[in-house]
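Here is the file coords_6.txt (compact mmCIF, C-alpha atoms).
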```txt
# COMPACT_ATOMS: atom_id res chain seq x y z
CA MET Z 4 -17.51 -157.71 155.27
CA LEU Z 5 -19.17 -160.49 153.30
CA GLU Z 6 -21.09 -163.09 155.32
CA ALA Z 7 -18.83 -165.91 154.09
CA GLU Z 8 -15.75 -163.99 155.29
CA ALA Z 9 -17.36 -163.41 158.70
CA ILE Z 10 -18.19 -167.11 159.05
CA ALA Z 11 -14.63 -168.08 158.07
CA ALA Z 12 -13.21 -165.66 160.65
CA ASN Z 13 -15.47 -167.14 163.33
CA ARG Z 14 -14.37 -170.65 162.38
CA ALA Z 15 -10.72 -169.67 162.82
CA ASN Z 16 -11.52 -168.01 166.15
CA TRP Z 17 -13.29 -171.11 167.46
CA ASP Z 18 -10.49 -173.36 166.22
CA ASP Z 19 -8.22 -171.31 168.49
CA ARG Z 20 -10.70 -171.38 171.35
CA ALA Z 21 -11.00 -175.17 171.18
CA ASP Z 22 -7.37 -175.64 172.23
CA VAL Z 23 -7.72 -173.10 175.05
CA HIS Z 24 -11.00 -174.58 176.29
CA ALA Z 25 -9.80 -178.20 176.12
CA ARG Z 26 -6.99 -177.43 178.57
CA SER Z 27 -8.99 -175.03 180.78
CA GLN Z 28 -10.10 -175.63 184.34
CA MET Z 29 -13.60 -174.48 183.39
CA TYR Z 30 -14.10 -177.50 181.11
CA ASP Z 31 -11.74 -179.73 183.16
CA VAL Z 32 -11.76 -182.50 180.57
CA ASP Z 33 -9.54 -184.80 182.64
CA ALA Z 34 -11.93 -184.70 185.62
CA PHE Z 35 -14.90 -185.17 183.30
CA LEU Z 36 -13.36 -188.30 181.82
CA ALA Z 37 -12.27 -189.58 185.22
CA ASP Z 38 -15.87 -189.65 186.49
CA PRO Z 39 -18.18 -191.62 184.17
CA ASP Z 40 -21.20 -190.36 186.11
CA ASP Z 41 -20.35 -186.68 185.61
CA ILE Z 42 -22.84 -184.67 183.57
CA SER Z 43 -21.87 -181.17 182.48
CA SER Z 44 -23.68 -178.33 184.22
CA VAL Z 45 -24.88 -177.10 180.81
CA VAL Z 46 -26.64 -180.39 180.12
CA ARG Z 47 -28.08 -180.54 183.64
CA ASN Z 48 -29.63 -177.14 183.04
CA ASP Z 49 -30.83 -178.12 179.56
CA LEU Z 50 -32.39 -181.31 180.87
CA ALA Z 51 -34.27 -179.42 183.59
CA VAL Z 52 -35.97 -177.43 180.80
CA LEU Z 53 -36.48 -180.40 178.48
CA ALA Z 54 -37.55 -183.11 180.96
CA PRO Z 55 -41.25 -182.15 181.20
CA HIS Z 56 -41.51 -182.68 177.44
CA LEU Z 57 -39.90 -186.12 177.38
CA PRO Z 58 -41.36 -189.56 178.09
CA GLU Z 59 -41.20 -190.91 181.65
CA SER Z 60 -37.94 -192.63 180.70
CA GLY Z 61 -36.41 -189.25 179.91
CA ILE Z 62 -33.73 -188.99 177.23
CA ARG Z 63 -32.75 -192.65 177.60
CA GLY Z 64 -33.27 -194.55 174.35
CA LEU Z 65 -33.94 -191.42 172.28
CA SER Z 66 -31.76 -190.47 169.32
CA LEU Z 67 -30.15 -187.05 169.67
CA LEU Z 68 -28.46 -184.39 167.56
CA HIS Z 69 -26.44 -181.69 169.32
CA LEU Z 70 -26.04 -178.55 167.20
CA GLN Z 71 -22.99 -176.32 167.75
CA CYS Z 72 -21.48 -178.96 170.00
CA HIS Z 73 -18.00 -177.38 170.42
CA ILE Z 74 -15.51 -179.79 172.13
CA GLY Z 75 -18.16 -182.38 172.90
CA THR Z 76 -18.34 -182.57 176.70
CA ASP Z 77 -22.03 -181.70 176.56
CA THR Z 78 -22.62 -184.14 173.69
CA VAL Z 79 -20.95 -186.94 175.64
CA SER Z 80 -23.02 -185.96 178.67
CA TRP Z 81 -26.20 -186.60 176.68
CA ALA Z 82 -24.82 -190.03 175.74
CA ARG Z 83 -24.03 -190.71 179.40
CA LEU Z 84 -27.68 -189.93 180.19
CA GLY Z 85 -28.74 -192.66 177.79
CA ALA Z 86 -29.31 -190.89 174.47
CA ILE Z 87 -28.58 -193.15 171.51
CA GLU Z 88 -27.32 -192.66 167.96
CA VAL Z 89 -25.83 -189.39 169.19
CA HIS Z 90 -24.54 -186.89 166.64
CA GLY Z 91 -22.67 -183.64 167.26
CA LEU Z 92 -22.35 -180.88 164.66
CA ASP Z 93 -20.02 -177.88 164.76
CA LEU Z 94 -18.49 -175.32 162.42
CA SER Z 95 -15.00 -175.71 163.89
CA PRO Z 96 -12.96 -178.74 162.75
CA ASN Z 97 -10.54 -178.33 165.65
CA SER Z 98 -13.43 -178.39 168.12
CA LEU Z 99 -14.58 -181.64 166.54
CA ARG Z 100 -11.06 -183.07 166.79
CA HIS Z 101 -11.15 -182.52 170.55
CA ALA Z 102 -14.73 -183.84 170.70
CA ALA Z 103 -13.76 -187.06 168.93
CA ARG Z 104 -10.83 -187.55 171.32
CA ILE Z 105 -13.04 -187.01 174.38
CA ALA Z 106 -15.76 -189.34 173.13
CA GLU Z 107 -13.24 -192.06 172.28
CA ALA Z 108 -11.66 -191.76 175.73
CA ASP Z 109 -15.13 -192.15 177.24
CA GLY Z 110 -15.92 -195.19 175.09
CA ARG Z 111 -18.76 -193.38 173.30
CA ASP Z 112 -19.70 -193.98 169.67
CA VAL Z 113 -20.66 -190.45 168.59
CA THR Z 114 -20.93 -189.28 164.98
CA TRP Z 115 -19.28 -185.88 164.45
CA VAL Z 116 -20.31 -183.62 161.58
CA GLU Z 117 -18.54 -180.45 160.45
CA GLY Z 118 -20.71 -177.64 159.16
CA ASP Z 119 -22.94 -174.63 159.63
CA ALA Z 120 -25.92 -175.33 161.92
CA ARG Z 121 -28.19 -173.36 159.58
CA PHE Z 122 -27.76 -176.06 156.96
CA ALA Z 123 -27.56 -179.11 159.22
CA SER Z 124 -30.35 -180.93 157.39
CA THR Z 125 -28.22 -180.96 154.23
CA LEU Z 126 -25.29 -182.45 156.14
CA VAL Z 127 -27.04 -185.17 158.18
CA ASP Z 128 -29.13 -187.69 156.25
CA ARG Z 129 -31.47 -188.89 158.98
CA ARG Z 130 -33.97 -187.74 161.62
CA PHE Z 131 -33.77 -187.62 165.42
CA ASP Z 132 -36.11 -187.87 168.37
CA THR Z 133 -34.36 -184.90 169.97
CA VAL Z 134 -32.36 -181.91 168.75
CA VAL Z 135 -30.59 -179.69 171.30
CA THR Z 136 -28.50 -176.52 171.30
CA SER Z 137 -27.48 -174.23 174.13
CA ALA Z 138 -25.05 -171.87 175.86
CA GLY Z 139 -23.70 -169.32 173.42
CA THR Z 140 -24.87 -170.58 170.06
CA ILE Z 141 -27.22 -168.57 167.89
CA VAL Z 142 -25.38 -165.24 168.06
CA TRP Z 143 -22.94 -166.92 165.67
CA LEU Z 144 -25.67 -167.48 163.05
CA PRO Z 145 -26.45 -164.63 160.62
CA GLU Z 146 -30.12 -165.61 160.29
CA LEU Z 147 -32.51 -168.14 161.79
CA THR Z 148 -34.94 -169.08 159.00
CA ALA Z 149 -32.75 -171.80 157.49
CA TRP Z 150 -31.68 -172.89 160.99
CA ALA Z 151 -35.27 -173.43 162.10
CA ARG Z 152 -36.17 -175.23 158.86
CA SER Z 153 -33.20 -177.57 159.35
CA ILE Z 154 -34.34 -178.34 162.90
CA HIS Z 155 -37.85 -179.14 161.66
CA ASP Z 156 -36.52 -181.41 158.92
CA LEU Z 157 -34.09 -183.19 161.26
CA LEU Z 158 -36.77 -184.05 163.81
CA GLU Z 159 -38.86 -187.16 163.64
CA PRO Z 160 -42.59 -186.39 163.62
CA GLY Z 161 -43.34 -185.89 167.30
CA GLY Z 162 -39.67 -185.15 168.01
CA VAL Z 163 -38.69 -182.32 170.35
CA PHE Z 164 -36.20 -179.46 170.15
CA VAL Z 165 -34.76 -177.34 172.95
CA ILE Z 166 -32.66 -174.21 172.90
CA ARG Z 167 -31.39 -172.59 176.09
CA ASP Z 168 -29.05 -169.69 175.62
CA ASP Z 169 -27.89 -166.33 176.92
CA HIS Z 170 -30.81 -163.92 176.99
CA PRO Z 171 -30.55 -161.40 174.13
CA ILE Z 172 -31.04 -158.50 176.55
CA LEU Z 173 -27.51 -159.20 177.83
CA GLY Z 174 -26.11 -158.61 174.36
CA ALA Z 175 -27.93 -155.28 174.22
CA MET Z 176 -26.22 -154.44 177.52
CA GLY Z 177 -22.84 -155.57 176.23
CA PHE Z 178 -22.83 -157.95 179.22
CA ARG Z 179 -22.27 -154.85 181.36
CA PRO Z 180 -25.50 -154.09 183.19
CA TRP Z 181 -27.15 -151.72 183.55
CA GLU Z 182 -26.86 -149.56 180.43
CA ILE Z 183 -28.21 -150.38 176.99
CA ASP Z 184 -25.50 -149.77 174.39
CA ASP Z 185 -26.30 -152.21 171.56
CA ASP Z 186 -29.28 -153.60 169.66
CA TYR Z 187 -31.79 -155.89 171.35
CA LEU Z 188 -33.93 -156.37 168.23
CA GLY Z 189 -32.46 -158.45 165.43
CA GLY Z 190 -31.90 -157.35 161.87
CA GLY Z 191 -29.30 -154.70 162.60
CA GLY Z 192 -26.50 -156.45 160.75
CA THR Z 193 -23.18 -157.84 161.90
CA ARG Z 194 -21.63 -156.87 165.24
CA THR Z 195 -17.86 -157.15 164.85
CA TYR Z 196 -15.24 -156.91 167.58
CA SER Z 197 -11.74 -158.15 168.39
CA ASP Z 198 -10.93 -160.26 171.45
CA ALA Z 199 -7.68 -162.13 172.14
CA GLY Z 200 -9.28 -164.03 175.03
CA THR Z 201 -12.28 -166.24 175.64
CA TYR Z 202 -14.66 -167.05 178.50
CA THR Z 203 -12.43 -169.57 180.27
CA GLU Z 204 -10.02 -168.58 183.00
CA GLU Z 205 -6.69 -166.84 182.30
CA SER Z 206 -7.22 -166.92 178.54
CA ASP Z 207 -6.26 -163.34 177.62
CA GLY Z 208 -3.81 -163.30 174.74
CA GLN Z 209 -4.23 -166.97 173.87
CA ILE Z 210 -6.46 -166.48 170.80
CA ALA Z 211 -4.54 -165.78 167.60
CA HIS Z 212 -7.58 -165.22 165.35
CA THR Z 213 -9.17 -162.37 167.29
CA ALA Z 214 -12.01 -161.30 164.97
CA ASN Z 215 -15.53 -162.09 166.20
CA HIS Z 216 -18.70 -161.56 164.20
CA GLU Z 217 -22.09 -161.90 165.92
CA TRP Z 218 -25.71 -161.33 164.95
CA ARG Z 219 -28.46 -160.25 167.36
CA HIS Z 220 -31.64 -162.36 167.56
CA ASP Z 221 -34.43 -161.19 169.85
CA LEU Z 222 -36.93 -163.57 171.43
CA GLY Z 223 -39.64 -162.66 168.95
CA GLU Z 224 -37.37 -163.51 166.01
CA ILE Z 225 -36.35 -166.85 167.56
CA VAL Z 226 -39.92 -167.95 168.23
CA ALA Z 227 -41.16 -166.67 164.86
CA ALA Z 228 -38.47 -168.66 163.04
CA LEU Z 229 -39.43 -171.88 164.81
CA LEU Z 230 -43.15 -171.31 164.21
CA GLY Z 231 -42.49 -170.39 160.59
CA ALA Z 232 -40.65 -173.68 160.09
CA GLY Z 233 -43.76 -175.59 161.18
CA LEU Z 234 -42.78 -176.39 164.76
CA VAL Z 235 -45.16 -176.07 167.70
CA VAL Z 236 -43.76 -174.12 170.65
CA GLU Z 237 -44.57 -175.94 173.89
CA ALA Z 238 -42.68 -173.74 176.32
CA LEU Z 239 -40.95 -170.37 176.49
CA THR Z 240 -39.25 -169.30 179.68
CA GLU Z 241 -36.83 -166.66 180.90
CA LEU Z 242 -34.37 -167.84 183.52
CA PRO Z 243 -32.45 -166.10 186.34
CA TYR Z 244 -29.20 -168.02 185.83
CA MET Z 245 -26.55 -168.61 183.17
CA ASP Z 246 -23.67 -170.99 182.50
CA TRP Z 247 -20.69 -168.66 182.72
CA PRO Z 248 -19.66 -165.57 184.74
CA ALA Z 249 -20.41 -163.07 182.00
CA PHE Z 250 -19.89 -160.02 184.23
CA ALA Z 251 -18.44 -159.25 187.62
CA GLU Z 252 -21.73 -158.80 189.50
CA LEU Z 253 -22.71 -162.47 189.13
CA VAL Z 254 -22.40 -164.89 192.04
CA PRO Z 255 -22.23 -168.71 191.99
CA CYS Z 256 -25.47 -170.69 192.27
CA GLU Z 257 -26.57 -174.30 191.79
CA GLN Z 258 -27.18 -173.81 188.05
CA GLY Z 259 -24.04 -171.77 187.45
CA TRP Z 260 -24.20 -168.00 187.97
CA MET Z 261 -26.93 -165.55 189.00
CA LEU Z 262 -27.34 -161.96 190.18
CA PRO Z 263 -27.01 -161.37 193.92
CA ASP Z 264 -29.98 -160.77 196.18
CA GLY Z 265 -31.19 -157.20 195.90
CA ALA Z 266 -30.05 -156.68 192.30
CA PRO Z 267 -32.69 -155.78 189.69
CA ARG Z 268 -34.27 -158.99 188.45
CA ILE Z 269 -33.53 -159.46 184.76
CA PRO Z 270 -33.40 -162.67 182.71
CA LEU Z 271 -29.96 -164.13 182.13
CA ASN Z 272 -31.04 -167.12 180.01
CA PHE Z 273 -34.05 -168.00 177.90
CA ALA Z 274 -35.29 -171.41 176.83
CA VAL Z 275 -37.68 -172.57 174.12
CA VAL Z 276 -39.03 -176.09 173.70
CA ALA Z 277 -40.69 -176.87 170.35
CA ARG Z 278 -42.01 -180.04 168.74
CA ARG Z 279 -42.48 -181.24 165.19
CA PRO Z 280 -46.15 -182.21 164.76
CA ARG Z 281 -46.84 -185.89 164.13
CA ILE Z 282 -48.93 -185.08 161.05
```
Structure translated into structure tokens:
Amino acid sequence: MLEAEAIAANRANWDDRADVHARSQMYDVDAFLADPDDISSVVRNDLAVLAPHLPESGIRGLSLLHLQCHIGTDTVSWARLGAIEVHGLDLSPNSLRHAARIAEADGRDVTWVEGDARFASTLVDRRFDTVVTSAGTIVWLPELTAWARSIHDLLEPGGVFVIRDDHPILGAMGFRPWEIDDDYLGGGGTRTYSDAGTYTEESDGQIAHTANHEWRHDLGEIVAALLGAGLVVEALTELPYMDWPAFAELVPCEQGWMLPDGAPRIPLNFAVVARRPRI
């Protein structure tokens, strides 16, 4: 399959997912909007990684671009924390339709941009103090060189970027520990599968466009792409928790989900913080 066809199939799949997610209990949009102090668990986890690299005032007063923003609850959460001139970018127009509705209901002035995160710098004509992406994002990108270059170009000199995402070892395990049955290293081409459900509750059979196309990116590839784009990596960490119950062995924890006591200790998330040099 051609790359453009794979991207188009993913866009259709995420257009379907947006409707399912917007009405799901997992996202619970109504409760989110009912509590103006609520911050999504994804953003709380992202901020825990990012905070040591921010000024004492935190994200407040900093401009922010959220790549692969989906239905916008995380983007609005950043605005609730005090980020300004907030932009959200996503490939799925239906996701952005929900995002715009949620932001309007919350009284937030967010700029929404439709497009491929790899080419974000050609779609957004400005720079930001902060660029963020997390929780199930880069497996949907065929390659990371253009993505990293866009991030560099979208950051103000001295600006900071954070990615926190599912650890690539889980993809190699097919999210079914403890056997390796897929690539860990990137460069192996497209991984294609069909799934009529999604990661929210009771979603089986609700997705009409069932084709999914993913691309593996190992930690070395991710870091090399950011360094190659001219960014300086300030932190790389592997984390024992994740944002969704990817497999049955996980148990609830403060950050979301983790392996139970006594299970082999493997990373469930990774995070990288990188900065654009001032000169």
### Query
With distances taken over all atoms listed in the file, which of Z:Ile183, Z:Ile74, Z:Val79, Z:Ala106 is nearest to Ile42 of chain Z?
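Residue with the minimum atom-to-atom distance to Ile42 of chain Z: Z:Val79.
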### Summary
Here atom CA of His56 of chain Z and atom CA of His69 of chain Z stand apart by 17.1 Å
Residues within 12 Å of (-31.0, -157.6, 190.6), file coords, all atoms listed in the file, listed as a PDB file with C-alpha atoms, in the coordinates of the input:
```pdb
ATOM      1  CA  PRO Z 180     -25.500-154.090 183.190  1.00  0.00           C
ATOM      2  CA  TRP Z 181     -27.150-151.720 183.550  1.00  0.00           C
ATOM      3  CA  PRO Z 243     -32.450-166.100 186.340  1.00  0.00           C
ATOM      4  CA  TYR Z 244     -29.200-168.020 185.830  1.00  0.00           C
ATOM      5  CA  GLU Z 252     -21.730-158.800 189.500  1.00  0.00           C
ATOM      6  CA  LEU Z 253     -22.710-162.470 189.130  1.00  0.00           C
ATOM      7  CA  VAL Z 254     -22.400-164.890 192.040  1.00  0.00           C
ATOM      8  CA  MET Z 261     -26.930-165.550 189.000  1.00  0.00           C
ATOM      9  CA  LEU Z 262     -27.340-161.960 190.180  1.00  0.00           C
ATOM     10  CA  PRO Z 263     -27.010-161.370 193.920  1.00  0.00           C
ATOM     11  CA  ASP Z 264     -29.980-160.770 196.180  1.00  0.00           C
ATOM     12  CA  GLY Z 265     -31.190-157.200 195.900  1.00  0.00           C
ATOM     13  CA  ALA Z 266     -30.050-156.680 192.300  1.00  0.00           C
ATOM     14  CA  PRO Z 267     -32.690-155.780 189.690  1.00  0.00           C
ATOM     15  CA  ARG Z 268     -34.270-158.990 188.450  1.00  0.00           C
ATOM     16  CA  ILE Z 269     -33.530-159.460 184.760  1.00  0.00           C
ATOM     17  CA  PRO Z 270     -33.400-162.670 182.710  1.00  0.00           C
ATOM     18  CA  LEU Z 271     -29.960-164.130 182.130  1.00  0.00           C
TER      19      LEU Z 271
END
```
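The nearest approach to Ser206 of chain Z among the residues Z:Ala228, Z:His24, Z:Ala9, Z:Thr78, with only C-alpha atoms taken into account, belongs to Z:His24.
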### Query
Residues at most 12 Å from Arg14 of chain Z, counting all atoms listed in the file, excluding those fewer than 2 positions away in the same chain, as JSON, numbers by chain?
{"Z": [7, 8, 9, 10, 11, 12, 16, 17, 18, 19, 20, 21, 71, 73, 93, 94, 95, 96, 97, 98, 99, 117, 118, 119, 143, 144, 212, 213, 214, 215, 216]}
#### Entry: Residue nearest Phe164 of chain Z among Z:Val23, Z:Cys256, Z:Leu188, Z:Val52 (counting all atoms listed in the file)
Z:Val52
### Task
Rounded to one decimal place, report the atom CA of Ile282 of chain Z-atom CA of Val236 of chain Z distance in Å.
15.5 Å
### Query
What lies within 12 Å of Glu257 of chain Z using only C-alpha atoms, ignoring chain neighbours under 5 positions off, as a ChimeraX atom specification?
/Z:44-45,47-48,243-246
#### Entry: Nearby residues (all atoms listed in the file) at most 10 Å from Asp185 of chain Z, same-chain spacing under 3 positions excluded, as a VMD selection string
chain Z and resid 172 to 177 182 188 191 194 219
### Distance query Pro39 of chain Z at most 12 Å, all atoms listed in the file, self and fewer than 2 positions along chain excluded, as a PyMOL selection string
chain Z and resi 32-37+41-43+76+79-80+82-84+105-106+108-111
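With only C-alpha atoms as the atoms that count, the minimum distance from Ser66 of chain Z to the choices Z:Thr195, Z:Thr133, Z:Thr125, Z:Gln258 is reached by Z:Thr133.
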### Message
To one decimal place in Å, what is the distance between atom CA of Leu68 of chain Z and atom CA of Phe131 of chain Z?
### Response
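Between atom CA of Leu68 of chain Z and atom CA of Phe131 of chain Z the gap works out to 6.6 Å.
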#### Entry: Shell around Gly190 of chain Z at 12 Å using all atoms listed in the file, local window under 4 positions removed, as a list in words
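My reading of the contact set: Val142, Leu144, Pro145, Glu146, Leu147, Asp186, Arg194, Glu217, Trp218, Arg219, His220, Asp221, Gly223, Glu224 and Ile225 of chain Z.
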